[in-house]
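Source file target_7.pdb; content: PDB, C-alpha atoms, pLDDT in the B column.
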MODEL        1
ATOM      1  CA  MET A 146     -87.029 -73.413-282.624  1.00 49.00           C
ATOM      2  CA  HIS A 147     -83.543 -74.844-282.494  1.00 51.00           C
ATOM      3  CA  ARG A 148     -80.940 -73.683-280.010  1.00 59.00           C
ATOM      4  CA  THR A 149     -80.080 -70.152-281.099  1.00 68.00           C
ATOM      5  CA  GLY A 150     -77.064 -67.951-280.358  1.00 89.00           C
ATOM      6  CA  TRP A 151     -78.746 -64.790-279.114  1.00 92.00           C
ATOM      7  CA  ARG A 152     -76.764 -61.539-279.116  1.00 92.00           C
ATOM      8  CA  LYS A 153     -77.546 -58.261-277.425  1.00 86.00           C
ATOM      9  CA  SER A 154     -76.130 -54.796-277.626  1.00 80.00           C
ATOM     10  CA  SER A 155     -73.200 -53.792-275.469  1.00 78.00           C
ATOM     11  CA  PHE A 156     -75.390 -50.806-274.489  1.00 76.00           C
ATOM     12  CA  SER A 157     -77.719 -53.160-272.616  1.00 78.00           C
ATOM     13  CA  GLY A 158     -77.355 -53.472-268.884  1.00 72.00           C
ATOM     14  CA  THR A 159     -76.638 -56.661-266.995  1.00 71.00           C
ATOM     15  CA  GLY A 160     -79.015 -56.193-264.073  1.00 70.00           C
ATOM     16  CA  PRO A 161     -82.575 -57.464-263.643  1.00 68.00           C
ATOM     17  CA  ASP A 162     -84.069 -54.243-265.022  1.00 69.00           C
ATOM     18  CA  ASN A 163     -82.079 -54.076-268.262  1.00 71.00           C
ATOM     19  CA  ASN A 164     -84.112 -53.086-271.297  1.00 76.00           C
ATOM     20  CA  CYS A 165     -82.764 -54.854-274.302  1.00 86.00           C
ATOM     21  CA  VAL A 166     -83.678 -56.713-277.443  1.00 88.00           C
ATOM     22  CA  GLU A 167     -81.661 -59.717-278.537  1.00 91.00           C
ATOM     23  CA  LEU A 168     -81.030 -60.795-282.133  1.00 93.00           C
ATOM     24  CA  ALA A 169     -80.164 -64.172-283.648  1.00 95.00           C
ATOM     25  CA  THR A 170     -79.786 -65.611-287.128  1.00 94.00           C
ATOM     26  CA  ALA A 171     -82.719 -67.748-288.269  1.00 91.00           C
ATOM     27  CA  GLU A 172     -82.179 -70.981-290.192  1.00 88.00           C
ATOM     28  CA  SER A 173     -84.193 -69.452-293.043  1.00 88.00           C
ATOM     29  CA  GLY A 174     -81.665 -66.637-293.430  1.00 90.00           C
ATOM     30  CA  GLY A 175     -83.900 -64.248-291.537  1.00 95.00           C
ATOM     31  CA  VAL A 176     -83.326 -62.574-288.210  1.00 95.00           C
ATOM     32  CA  HIS A 177     -85.021 -63.442-284.905  1.00 95.00           C
ATOM     33  CA  LEU A 178     -85.741 -60.673-282.381  1.00 94.00           C
ATOM     34  CA  ARG A 179     -86.899 -61.045-278.781  1.00 93.00           C
ATOM     35  CA  GLU A 180     -87.068 -58.991-275.614  1.00 89.00           C
ATOM     36  CA  VAL A 181     -85.037 -60.282-272.694  1.00 85.00           C
ATOM     37  CA  ASP A 182     -88.030 -60.100-270.354  1.00 84.00           C
ATOM     38  CA  ALA A 183     -90.230 -62.131-272.775  1.00 88.00           C
ATOM     39  CA  PRO A 184     -87.817 -64.668-274.306  1.00 88.00           C
ATOM     40  CA  ARG A 185     -90.517 -67.030-275.578  1.00 93.00           C
ATOM     41  CA  THR A 186     -92.033 -64.374-277.834  1.00 95.00           C
ATOM     42  CA  VAL A 187     -89.902 -64.234-280.989  1.00 95.00           C
ATOM     43  CA  LEU A 188     -90.413 -62.054-284.047  1.00 95.00           C
ATOM     44  CA  THR A 189     -88.727 -63.084-287.295  1.00 96.00           C
ATOM     45  CA  THR A 190     -87.933 -60.687-290.120  1.00 96.00           C
ATOM     46  CA  THR A 191     -85.415 -60.464-292.937  1.00 96.00           C
ATOM     47  CA  PRO A 192     -82.212 -58.413-292.995  1.00 94.00           C
ATOM     48  CA  ARG A 193     -83.477 -55.721-295.393  1.00 96.00           C
ATOM     49  CA  PRO A 194     -86.445 -54.407-293.351  1.00 96.00           C
ATOM     50  CA  LEU A 195     -84.432 -54.731-290.140  1.00 94.00           C
ATOM     51  CA  ALA A 196     -81.658 -52.613-291.666  1.00 95.00           C
ATOM     52  CA  ALA A 197     -84.232 -49.988-292.732  1.00 97.00           C
ATOM     53  CA  PHE A 198     -85.617 -49.908-289.195  1.00 93.00           C
ATOM     54  CA  ILE A 199     -82.147 -49.496-287.696  1.00 92.00           C
ATOM     55  CA  ARG A 200     -81.343 -46.639-290.110  1.00 96.00           C
ATOM     56  CA  ALA A 201     -84.600 -44.887-289.170  1.00 95.00           C
ATOM     57  CA  ALA A 202     -83.921 -45.348-285.444  1.00 91.00           C
ATOM     58  CA  LYS A 203     -80.405 -43.928-285.817  1.00 93.00           C
ATOM     59  CA  ALA A 204     -81.871 -40.958-287.686  1.00 95.00           C
ATOM     60  CA  GLY A 205     -84.221 -40.245-284.768  1.00 93.00           C
ATOM     61  CA  ARG A 206     -87.465 -41.091-286.587  1.00 93.00           C
ATOM     62  CA  PHE A 207     -88.847 -42.888-283.512  1.00 90.00           C
ATOM     63  CA  ASP A 208     -87.627 -40.523-280.789  1.00 89.00           C
ATOM     64  CA  ARG A 209     -91.124 -39.166-280.117  1.00 88.00           C
ATOM     65  CA  LEU A 210     -92.431 -42.688-279.420  1.00 82.00           C
ATOM     66  CA  ALA A 211     -90.239 -43.112-276.339  1.00 62.00           C
ATOM     67  CA  GLY A 212     -91.849 -42.049-273.105  1.00 60.00           C
TER      68      GLY A 212
ENDMDL
END
Full structure transcribed into structure tokens:
Amino acid sequence: MHRTGWRKSSFSGTGPDNNCVELATAESGGVHLREVDAPRTVLTTTPRPLAAFIRAAKAGRFDRLAG
């Protein structure tokens, strides 16, 4: 993977125990996602399903999954 400009939410912490996911644009037009604590594991999707996921998260559809 080429050098990627990863971005994370301003809601993420800056300490060693921050829980955040970073996003970056893929060369293919998709979107890369990775967890800060596992930066070598990268998931790639496209903007449409990512947008659907974000809408569902904002609507609280995944609230019961959090522990």
Edge lengths and centre in Å, axis-aligned, segment 162-173 of chain A plus 8 Å each side, as JSON:
{"center_x": -82.0, "center_y": -62.0, "center_z": -279.0, "size_x": 20.4, "size_y": 33.9, "size_z": 44.0}
Pull out every residue that the PyMOL selection byres ((chain A and resi 179-186) around 10) matches in the shown coordinates and put them as a VMD selection string.
-> chain A and resid 151 153 161 to 169 177 to 178 187 to 189
Residues within 9 Å of Gly175 of chain A, all atoms listed in the file, excluding chain neighbours under 2 positions, as a ChimeraX atom specification = /A:169-173,177,189-192
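The interatomic distance for the pair atom CA of Lys203 of chain A and atom CA of Thr159 of chain A works out to 23.0 Å.
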